[in-house]
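Everything below belongs to model29.cif, which stores mmCIF, C-alpha atoms.
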```
data_entry
loop_
_atom_site.label_atom_id
_atom_site.label_comp_id
_atom_site.auth_asym_id
_atom_site.auth_seq_id
_atom_site.Cartn_x
_atom_site.Cartn_y
_atom_site.Cartn_z
CA MET A 1 54.44 99.33 -6.25
CA ASP A 2 53.16 98.57 -2.77
CA THR A 3 51.60 95.27 -1.75
CA LYS A 4 48.04 96.53 -1.95
CA GLU A 5 48.46 97.87 -5.46
CA ALA A 6 50.18 94.66 -6.53
CA LEU A 7 47.39 92.57 -5.04
CA TYR A 8 44.83 94.72 -6.84
CA ASN A 9 46.59 94.04 -10.14
CA TYR A 10 46.96 90.38 -9.33
CA CYS A 11 43.22 90.06 -8.70
CA LEU A 12 42.57 91.76 -12.03
CA ARG A 13 44.77 89.17 -13.69
CA LEU A 14 42.87 86.30 -12.07
CA GLY A 15 39.56 87.93 -12.91
CA ASP A 16 40.58 88.70 -16.50
CA ASN A 17 41.64 85.10 -17.14
CA ASN A 18 38.19 84.02 -16.06
CA LEU A 19 36.20 86.70 -17.83
CA VAL A 20 37.93 86.25 -21.17
CA LEU A 21 37.81 82.45 -21.10
CA GLY A 22 34.19 82.61 -19.94
CA GLN A 23 33.33 84.88 -22.84
CA ARG A 24 34.97 82.46 -25.29
CA LEU A 25 33.05 79.51 -23.86
CA ALA A 26 29.81 81.48 -24.04
CA GLU A 27 30.37 81.79 -27.79
CA TRP A 28 29.52 78.08 -27.95
CA CYS A 29 26.00 78.80 -26.74
CA SER A 30 23.62 77.28 -29.34
CA ASN A 31 26.63 76.06 -31.37
CA GLY A 32 27.64 73.01 -29.32
CA PRO A 33 28.17 69.67 -31.08
CA ILE A 34 25.35 68.10 -29.05
CA LEU A 35 22.78 69.59 -26.70
CA GLU A 36 24.52 68.11 -23.65
CA GLU A 37 27.85 69.75 -24.51
CA ASP A 38 26.18 73.01 -25.39
CA LEU A 39 24.86 73.17 -21.84
CA ALA A 40 28.11 71.89 -20.35
CA MET A 41 30.18 74.61 -22.00
CA THR A 42 27.82 77.38 -21.03
CA ASN A 43 27.86 76.01 -17.47
CA LEU A 44 31.65 76.21 -17.49
CA SER A 45 31.35 79.71 -18.87
CA LEU A 46 29.09 80.77 -16.01
CA ASP A 47 31.54 79.29 -13.50
CA HIS A 48 34.23 81.51 -15.02
CA PHE A 49 32.02 84.61 -14.91
CA GLY A 50 31.29 83.88 -11.25
CA GLN A 51 34.99 83.59 -10.48
CA ALA A 52 35.74 86.77 -12.40
CA GLU A 53 33.06 88.56 -10.41
CA PHE A 54 34.44 87.75 -7.00
CA MET A 55 38.01 88.47 -8.08
CA TYR A 56 36.90 91.89 -9.40
CA GLU A 57 34.95 92.57 -6.21
CA TYR A 58 38.08 92.03 -4.19
CA ALA A 59 40.11 94.12 -6.64
CA ALA A 60 37.59 96.97 -6.40
CA GLU A 61 37.76 96.87 -2.59
CA LEU A 62 41.55 96.97 -2.65
CA GLU A 63 41.47 99.88 -5.07
CA GLY A 64 39.01 101.76 -2.88
CA LYS A 65 37.66 104.07 -5.59
CA GLY A 66 34.11 102.79 -5.44
CA ARG A 67 34.22 101.02 -8.81
CA THR A 68 31.96 98.03 -9.43
CA CYS A 69 32.73 94.68 -11.11
CA ASP A 70 30.93 95.95 -14.20
CA ASP A 71 33.11 99.07 -14.34
CA ILE A 72 36.16 96.83 -14.22
CA ALA A 73 34.85 94.40 -16.82
CA PHE A 74 33.40 96.83 -19.34
CA LYS A 75 35.45 99.99 -19.05
CA ARG A 76 38.99 98.84 -19.65
CA ASN A 77 40.81 98.60 -22.97
CA GLU A 78 42.80 95.61 -24.14
CA ARG A 79 46.11 97.01 -22.88
CA GLU A 80 44.49 97.26 -19.44
CA TYR A 81 43.55 93.58 -19.50
CA PHE A 82 46.00 91.16 -17.90
CA ASN A 83 44.68 87.76 -18.94
CA ALA A 84 46.99 85.04 -20.25
CA LEU A 85 47.17 84.83 -24.05
CA ILE A 86 45.75 81.33 -24.21
CA THR A 87 42.42 82.46 -22.77
CA GLU A 88 41.76 84.93 -25.58
CA GLN A 89 42.49 82.53 -28.46
CA PRO A 90 39.50 81.82 -30.71
CA ASN A 91 37.59 78.61 -30.04
CA GLY A 92 38.37 76.78 -33.28
CA ASP A 93 36.65 73.41 -33.39
CA PHE A 94 35.45 71.45 -30.37
CA ALA A 95 38.81 69.67 -29.93
CA PHE A 96 40.57 73.04 -29.99
CA THR A 97 38.29 74.45 -27.29
CA MET A 98 38.71 71.38 -25.10
CA MET A 99 42.50 71.49 -25.50
CA LYS A 100 42.55 75.16 -24.56
CA HIS A 101 40.41 74.37 -21.56
CA LEU A 102 42.56 71.43 -20.53
CA LEU A 103 45.78 73.46 -20.62
CA PHE A 104 44.19 76.31 -18.70
CA SER A 105 42.18 74.33 -16.15
CA ALA A 106 45.21 72.20 -15.23
CA PHE A 107 47.13 75.43 -14.65
CA ALA A 108 44.29 77.03 -12.68
CA GLN A 109 43.93 73.94 -10.53
CA HIS A 110 47.58 74.03 -9.45
CA LEU A 111 47.46 77.80 -9.04
CA TYR A 112 44.35 77.80 -6.85
CA GLU A 113 45.72 74.91 -4.80
CA SER A 114 48.76 77.03 -3.98
CA LEU A 115 46.70 80.19 -3.43
CA SER A 116 44.33 78.38 -1.08
CA LEU A 117 47.28 78.32 1.34
CA SER A 118 47.97 82.04 0.92
CA ASN A 119 48.32 84.14 4.04
CA ASP A 120 46.00 86.66 2.43
CA LYS A 121 42.83 85.19 3.88
CA ARG A 122 40.44 86.59 1.32
CA LEU A 123 42.50 85.32 -1.61
CA ALA A 124 42.74 81.92 0.07
CA GLU A 125 38.96 81.76 0.54
CA LEU A 126 38.23 82.75 -3.05
CA SER A 127 40.70 80.15 -4.28
CA VAL A 128 39.08 77.37 -2.29
CA ARG A 129 35.75 78.34 -3.81
CA ALA A 130 37.14 78.48 -7.35
CA LEU A 131 39.04 75.22 -6.91
CA LYS A 132 35.85 73.18 -6.58
CA GLU A 133 34.68 74.39 -9.95
CA ILE A 134 38.00 74.21 -11.72
CA LYS A 135 38.52 70.59 -10.66
CA TYR A 136 35.37 69.75 -12.55
CA HIS A 137 36.56 71.77 -15.55
CA PHE A 138 39.78 69.79 -15.61
CA ARG A 139 37.89 66.52 -15.37
CA HIS A 140 35.53 67.49 -18.16
CA SER A 141 38.22 68.68 -20.58
CA SER A 142 40.74 65.93 -19.81
CA GLU A 143 38.20 63.19 -20.40
CA TRP A 144 37.23 64.77 -23.70
CA ILE A 145 40.86 65.00 -24.81
CA VAL A 146 41.35 61.30 -24.07
CA ARG A 147 38.11 60.42 -25.85
CA LEU A 148 39.02 62.52 -28.90
CA GLY A 149 42.67 61.44 -28.95
CA LYS A 150 41.66 57.79 -28.88
CA GLY A 151 38.61 58.28 -31.07
CA THR A 152 38.70 58.30 -34.84
CA GLN A 153 41.66 59.24 -37.04
CA GLU A 154 39.91 62.55 -37.70
CA SER A 155 39.36 63.38 -34.02
CA ALA A 156 42.94 62.40 -33.12
CA MET A 157 44.28 64.60 -35.91
CA ARG A 158 42.21 67.59 -34.78
CA THR A 159 43.27 67.11 -31.16
CA GLN A 160 46.95 66.93 -32.10
CA TYR A 161 46.54 70.02 -34.29
CA ALA A 162 44.99 71.89 -31.36
CA LEU A 163 47.95 71.15 -29.12
CA ASN A 164 50.44 72.07 -31.85
CA GLU A 165 48.73 75.45 -32.25
CA LEU A 166 48.19 76.17 -28.56
CA TRP A 167 51.49 75.03 -27.08
CA MET A 168 53.16 78.36 -27.94
CA PHE A 169 50.87 80.12 -25.43
CA THR A 170 51.59 77.88 -22.45
CA ALA A 171 54.80 79.52 -21.19
CA ASP A 172 52.86 82.78 -20.88
CA LEU A 173 50.78 81.24 -18.07
CA PHE A 174 53.88 80.96 -15.89
CA GLU A 175 55.36 84.38 -16.61
CA ILE A 176 56.16 86.57 -13.64
CA ASN A 177 56.52 90.34 -13.48
CA LYS A 178 56.81 93.09 -10.87
CA ILE A 179 53.40 92.20 -9.46
CA ASP A 180 54.51 88.67 -8.65
CA GLU A 181 57.83 89.87 -7.24
CA THR A 182 56.05 92.30 -4.92
CA LEU A 183 53.66 89.60 -3.74
CA ILE A 184 56.16 86.84 -2.99
CA GLY A 185 55.10 85.42 0.35
CA ILE A 186 51.43 86.01 -0.44
CA ILE A 187 51.44 84.11 -3.71
CA VAL A 188 53.71 81.36 -4.91
CA ASP A 189 56.22 81.99 -7.72
CA SER A 190 54.35 80.48 -10.67
CA ASN A 191 57.58 78.96 -12.02
CA GLU A 192 57.25 76.57 -9.11
CA LEU A 193 53.90 75.40 -10.47
CA PHE A 194 55.32 74.50 -13.86
CA PRO A 195 56.69 70.98 -13.12
CA ALA A 196 53.42 69.88 -11.49
CA TRP A 197 51.38 71.33 -14.36
CA LYS A 198 53.61 69.65 -16.95
CA LYS A 199 53.21 66.32 -15.22
CA THR A 200 49.43 66.67 -15.05
CA ILE A 201 49.23 67.59 -18.73
CA GLU A 202 51.60 64.80 -19.80
CA THR A 203 49.54 62.20 -17.97
CA VAL A 204 46.42 63.21 -19.90
CA LEU A 205 48.19 63.61 -23.24
CA ASN A 206 50.01 60.28 -22.95
CA THR A 207 46.73 58.52 -22.30
CA ALA A 208 45.23 60.31 -25.31
CA ASN A 209 48.24 59.46 -27.56
CA ILE A 210 48.82 63.15 -28.21
CA LYS A 211 52.40 64.44 -28.45
CA ILE A 212 53.73 67.71 -27.10
CA PRO A 213 55.34 69.58 -30.02
CA GLU A 214 59.06 70.31 -29.79
CA LYS A 215 61.01 73.49 -30.42
CA VAL A 216 58.08 75.85 -30.29
CA HIS A 217 58.67 79.58 -30.10
CA MET A 218 56.84 80.74 -26.99
CA LEU A 219 54.68 83.85 -27.14
CA LYS A 220 54.34 85.84 -23.92
CA GLY A 221 52.98 89.13 -22.65
CA GLY A 222 49.40 88.71 -21.47
CA TYR A 223 50.15 89.56 -17.84
CA ASN A 224 51.76 92.81 -19.02
CA GLY A 225 48.78 93.79 -21.17
CA LYS A 226 50.43 92.80 -24.44
CA HIS A 227 47.93 90.70 -26.32
CA THR A 228 47.34 88.87 -29.58
CA GLU A 229 45.02 90.52 -32.08
CA HIS A 230 42.09 88.44 -30.83
CA LEU A 231 41.46 90.17 -27.50
CA GLY A 232 40.41 93.48 -29.07
CA HIS A 233 37.69 91.80 -31.10
CA LEU A 234 36.46 89.87 -28.10
CA LEU A 235 36.24 93.03 -25.97
CA CYS A 236 34.57 94.91 -28.81
CA GLU A 237 31.68 92.49 -28.74
CA MET A 238 31.56 92.03 -24.97
CA GLN A 239 31.76 95.74 -24.16
CA TYR A 240 29.59 97.01 -26.99
CA LEU A 241 26.57 97.93 -24.92
CA GLN A 242 28.47 99.87 -22.26
CA ARG A 243 30.47 101.65 -24.95
CA ALA A 244 27.45 102.59 -27.05
CA TYR A 245 25.21 103.47 -24.11
CA PRO A 246 27.50 104.43 -21.22
CA ASN A 247 26.18 103.47 -17.79
CA ALA A 248 23.14 101.74 -19.28
CA LYS A 249 21.41 99.60 -16.68
CA TRP A 250 19.22 96.57 -17.23
CA MET B 1 18.86 62.18 -41.56
CA GLN B 2 22.43 61.09 -41.01
CA GLN B 3 22.48 62.85 -37.66
CA GLN B 4 19.72 60.61 -36.36
CA ASN B 5 21.97 57.61 -36.92
CA ASN B 6 24.90 59.32 -35.24
CA GLN B 7 23.02 59.92 -32.00
CA LEU B 8 24.91 58.70 -28.95
CA PRO B 9 23.25 56.04 -26.77
CA LEU B 10 20.38 57.17 -24.56
CA TRP B 11 20.66 57.10 -20.76
CA GLU B 12 18.01 57.62 -18.09
CA VAL B 13 18.89 59.96 -15.25
CA PHE B 14 17.87 59.61 -11.60
CA ILE B 15 18.58 62.32 -9.06
CA GLN B 16 18.52 62.16 -5.29
CA SER B 17 17.80 65.61 -3.94
CA LYS B 18 18.71 64.89 -0.30
CA SER B 19 20.38 61.96 1.38
CA GLY B 20 17.87 59.46 2.69
CA ILE B 21 15.19 59.89 0.06
CA PRO B 22 14.89 57.86 -3.12
CA HIS B 23 16.47 58.70 -6.45
CA LYS B 24 13.84 60.07 -8.76
CA HIS B 25 13.69 59.83 -12.52
CA VAL B 26 14.21 63.29 -14.02
CA GLY B 27 14.77 62.68 -17.73
CA SER B 28 17.30 61.36 -20.18
CA ILE B 29 20.54 62.37 -21.90
CA HIS B 30 22.79 61.15 -24.68
CA ALA B 31 26.36 60.01 -23.94
CA SER B 32 28.95 57.64 -25.33
CA ASP B 33 30.19 56.20 -22.04
CA LYS B 34 29.53 56.05 -18.30
CA LYS B 35 31.73 59.01 -17.40
CA MET B 36 30.22 61.21 -20.05
CA ALA B 37 26.74 60.13 -19.01
CA LEU B 38 27.36 61.19 -15.40
CA GLN B 39 28.85 64.52 -16.44
CA ASN B 40 26.08 65.30 -18.90
CA ALA B 41 23.49 64.41 -16.28
CA ARG B 42 25.27 66.68 -13.81
CA ASP B 43 25.44 69.54 -16.28
CA ILE B 44 21.84 69.28 -17.40
CA TYR B 45 19.86 68.21 -14.36
CA THR B 46 21.72 69.62 -11.33
CA ARG B 47 22.45 73.16 -12.47
CA ARG B 48 20.30 74.73 -9.79
CA GLY B 49 21.42 72.64 -6.84
CA GLU B 50 18.80 69.92 -7.36
CA GLY B 51 20.93 66.98 -6.40
CA ARG B 52 23.27 65.22 -3.99
CA SER B 53 23.61 62.02 -5.98
CA ILE B 54 23.09 60.92 -9.58
CA TRP B 55 22.37 57.54 -11.10
CA VAL B 56 22.54 56.98 -14.83
CA VAL B 57 21.49 53.80 -16.57
CA LEU B 58 21.45 52.89 -20.24
CA SER B 59 17.85 53.20 -21.36
CA GLU B 60 18.10 49.86 -23.16
CA ASN B 61 18.85 48.18 -19.84
CA ILE B 62 15.51 49.18 -18.41
CA VAL B 63 12.88 46.48 -18.68
CA SER B 64 9.43 47.96 -18.85
CA SER B 65 5.93 46.58 -18.72
CA ALA B 66 4.10 46.72 -22.03
CA PRO B 67 1.20 49.15 -22.43
CA GLY B 68 -0.88 46.30 -23.92
CA GLU B 69 -0.58 44.31 -20.72
CA GLU B 70 -1.81 47.16 -18.59
CA ALA B 71 -5.14 45.50 -17.74
CA GLU B 72 -3.78 42.18 -16.51
CA PHE B 73 -0.88 43.84 -14.69
CA PHE B 74 -2.71 46.51 -12.77
CA ASP B 75 -6.48 46.11 -12.78
CA PRO B 76 -6.67 43.24 -10.24
CA THR B 77 -5.53 45.62 -7.47
CA ASP B 78 -8.39 48.07 -8.08
CA ASP B 79 -10.86 46.28 -5.77
CA LYS B 80 -8.48 45.51 -2.90
CA VAL B 81 -8.77 48.58 -0.69
CA TYR B 82 -7.68 46.53 2.33
CA ARG B 83 -4.15 46.62 0.95
CA HIS B 84 -3.95 50.37 1.54
CA PRO B 85 -2.61 51.15 5.01
CA THR B 86 -5.23 53.88 5.53
CA PHE B 87 -6.32 52.48 8.92
CA TYR B 88 -3.17 53.72 10.65
CA ARG B 89 -2.44 57.16 11.99
CA VAL B 90 0.87 58.46 10.61
CA PRO B 91 2.88 60.29 13.29
CA ASP B 92 3.43 63.96 12.47
CA GLY B 93 7.21 63.63 12.26
CA VAL B 94 7.16 61.06 9.47
CA LYS B 95 7.86 62.41 6.01
CA HIS B 96 8.03 60.88 2.56
CA MET B 97 5.32 58.26 3.13
#
```
Please render this file's structure as structure tokens.
Amino acid sequence: MDTKEALYNYCLRLGDNNLVLGQRLAEWCSNGPILEEDLAMTNLSLDHFGQAEFMYEYAAELEGKGRTCDDIAFKRNEREYFNALITEQPNGDFAFTMMKHLLFSAFAQHLYESLSLSNDKRLAELSVRALKEIKYHFRHSSEWIVRLGKGTQESAMRTQYALNELWMFTADLFEINKIDETLIGIIVDSNELFPAWKKTIETVLNTANIKIPEKVHMLKGGYNGKHTEHLGHLLCEMQYLQRAYPNAKW
Amino acid sequence: MQQQNNQLPLWEVFIQSKSGIPHKHVGSIHASDKKMALQNARDIYTRRGEGRSIWVVLSENIVSSAPGEEAEFFDPTDDKVYRHPTFYRVPDGVKHM
């Protein structure tokens, strides 16, 4: 694998994380607990779609086959998606969604911070742009986790449950494969991001009185296209129109 | 009607669209605390780049004049045209007067 091909795949990974998480957040549209949160979550969703779009644009340029962002989003199967497993997990209740978003946005924040110093100028620029949004995402989700963790017995229980269920997907975020190995020097080894991420997460969780579960079997594989059963269903719905009416245009 | 009782406190939202001009009332939101109020205001009222600065204030903290007192509050100024600075020429460069 040469650098260009690796970078293409890496951009797909970044784009896929955003597209899949954005699609999940969009599922909250009209189902939010209050009007304000309904709008907040769909805003976050649109931020993710925007980030996916510019990552796919760059990927398409690197690939040089004249594909568009839509081709990349709607014409790949689940094994051709490289998002982290946590992004495809169903929303559950509001605490579950916020926990998922906290774990991911803290990771994305550290990742984009490191990528903003990349010697690949385009990747650095895109990361600076994404970082502004993701910092807000982290703020939004971390404040909710603290509020819910310190709220009622019921909200604390649901928040703890969310972390217990989601923790098994966190190691997957920091997995590296051939793509990462090829790109060392352009991107940082994501294992190096782990301590900072853990510290960030612990600060929030300690404030919220939520405990990290111990001895959890970690599930991995998203970056290699090996997914949980949930991604297929998500893509089914998201890609329906392009599958049923190929090349349909609005 | 249980949901009615569970409504979070109401906050009024003021947005400043550019630095230098006043914050303008744009509407209200529900939130349980100051941080949430600011974020909800941001998410609802600045989605299309409307603002540079946001103020939120608990609606109950706003003291308002009563509609019944409208006459005694405002009518006496009706016949005092000399209070309007209409005798001055405003230079072309001055905005927001």
Provide as a list in words the residues of chain A at most 8 Å from chain B, counting only C-alpha atoms.
->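 Close to chain B, chain A has Glu36, Glu37, Leu39, Ala40, Asn43 and His140 of chain A.
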Keeping only C-alpha atoms, write those residues as a PDB file, keeping the file's coordinate frame.
```
ATOM      1  CA  GLU A  36      24.520  68.110 -23.650  1.00  0.00           C
ATOM      2  CA  GLU A  37      27.850  69.750 -24.510  1.00  0.00           C
ATOM      3  CA  LEU A  39      24.860  73.170 -21.840  1.00  0.00           C
ATOM      4  CA  ALA A  40      28.110  71.890 -20.350  1.00  0.00           C
ATOM      5  CA  ASN A  43      27.860  76.010 -17.470  1.00  0.00           C
ATOM      6  CA  HIS A 140      35.530  67.490 -18.160  1.00  0.00           C
TER       7      HIS A 140
END
```
Residue neighbourhood A:Asp16, 12 Å, only C-alpha atoms, exclusion window fewer than 2 positions, as a PDB file with C-alpha atoms, in the coordinates of the input:
```pdb
ATOM      1  CA  ASN A   9      46.590  94.040 -10.140  1.00  0.00           C
ATOM      2  CA  TYR A  10      46.960  90.380  -9.330  1.00  0.00           C
ATOM      3  CA  CYS A  11      43.220  90.060  -8.700  1.00  0.00           C
ATOM      4  CA  LEU A  12      42.570  91.760 -12.030  1.00  0.00           C
ATOM      5  CA  ARG A  13      44.770  89.170 -13.690  1.00  0.00           C
ATOM      6  CA  LEU A  14      42.870  86.300 -12.070  1.00  0.00           C
ATOM      7  CA  ASN A  18      38.190  84.020 -16.060  1.00  0.00           C
ATOM      8  CA  LEU A  19      36.200  86.700 -17.830  1.00  0.00           C
ATOM      9  CA  VAL A  20      37.930  86.250 -21.170  1.00  0.00           C
ATOM     10  CA  LEU A  21      37.810  82.450 -21.100  1.00  0.00           C
ATOM     11  CA  GLY A  22      34.190  82.610 -19.940  1.00  0.00           C
ATOM     12  CA  GLN A  23      33.330  84.880 -22.840  1.00  0.00           C
ATOM     13  CA  HIS A  48      34.230  81.510 -15.020  1.00  0.00           C
ATOM     14  CA  PHE A  49      32.020  84.610 -14.910  1.00  0.00           C
ATOM     15  CA  GLY A  50      31.290  83.880 -11.250  1.00  0.00           C
ATOM     16  CA  GLN A  51      34.990  83.590 -10.480  1.00  0.00           C
ATOM     17  CA  ALA A  52      35.740  86.770 -12.400  1.00  0.00           C
ATOM     18  CA  GLU A  53      33.060  88.560 -10.410  1.00  0.00           C
ATOM     19  CA  PHE A  54      34.440  87.750  -7.000  1.00  0.00           C
ATOM     20  CA  MET A  55      38.010  88.470  -8.080  1.00  0.00           C
ATOM     21  CA  TYR A  56      36.900  91.890  -9.400  1.00  0.00           C
ATOM     22  CA  ALA A  59      40.110  94.120  -6.640  1.00  0.00           C
ATOM     23  CA  CYS A  69      32.730  94.680 -11.110  1.00  0.00           C
ATOM     24  CA  ILE A  72      36.160  96.830 -14.220  1.00  0.00           C
ATOM     25  CA  ALA A  73      34.850  94.400 -16.820  1.00  0.00           C
ATOM     26  CA  PHE A  74      33.400  96.830 -19.340  1.00  0.00           C
ATOM     27  CA  ARG A  76      38.990  98.840 -19.650  1.00  0.00           C
ATOM     28  CA  ASN A  77      40.810  98.600 -22.970  1.00  0.00           C
ATOM     29  CA  GLU A  78      42.800  95.610 -24.140  1.00  0.00           C
ATOM     30  CA  ARG A  79      46.110  97.010 -22.880  1.00  0.00           C
ATOM     31  CA  GLU A  80      44.490  97.260 -19.440  1.00  0.00           C
ATOM     32  CA  TYR A  81      43.550  93.580 -19.500  1.00  0.00           C
ATOM     33  CA  PHE A  82      46.000  91.160 -17.900  1.00  0.00           C
ATOM     34  CA  ASN A  83      44.680  87.760 -18.940  1.00  0.00           C
ATOM     35  CA  ALA A  84      46.990  85.040 -20.250  1.00  0.00           C
ATOM     36  CA  LEU A  85      47.170  84.830 -24.050  1.00  0.00           C
ATOM     37  CA  ILE A  86      45.750  81.330 -24.210  1.00  0.00           C
ATOM     38  CA  THR A  87      42.420  82.460 -22.770  1.00  0.00           C
ATOM     39  CA  GLU A  88      41.760  84.930 -25.580  1.00  0.00           C
ATOM     40  CA  GLY A 222      49.400  88.710 -21.470  1.00  0.00           C
ATOM     41  CA  TYR A 223      50.150  89.560 -17.840  1.00  0.00           C
ATOM     42  CA  GLY A 225      48.780  93.790 -21.170  1.00  0.00           C
ATOM     43  CA  LEU A 231      41.460  90.170 -27.500  1.00  0.00           C
ATOM     44  CA  LEU A 235      36.240  93.030 -25.970  1.00  0.00           C
TER      45      LEU A 235
END
```
Atomic distance atom CA of A:Glu63 - atom CA of A:Asp180, expressed in Å with one decimal = 17.6 Å
With only C-alpha atoms as the atoms that count, which of A:Leu148, A:Leu46, A:Leu163, A:Leu35 lies nearest to A:Phe96?
-> A:Leu163
Please evaluate the PyMOL selection byres ((chain A and resi 187-191) around 12) against the structure above and give the resulting residues as a ChimeraX atom specification.
-> /A:3,6-7,10-11,107-108,110-121,123-124,127,171-186,192-198
Two-atom distance - atom CA of A:Ser105, atom CA of A:Ala26 (Å) = 16.3 Å
So what does the PyMOL selection byres ((chain B and resi 54) around 10) actually pick up in this one, as number ranges by chain?
-> B: 13-17, 23-25, 38-39, 41-42, 45-46, 51-53, 55-56
Would you mind reading off the distance between atom CA of A:Ala156 and atom CA of A:Met99, one decimal, in Å?
-> 11.9 Å
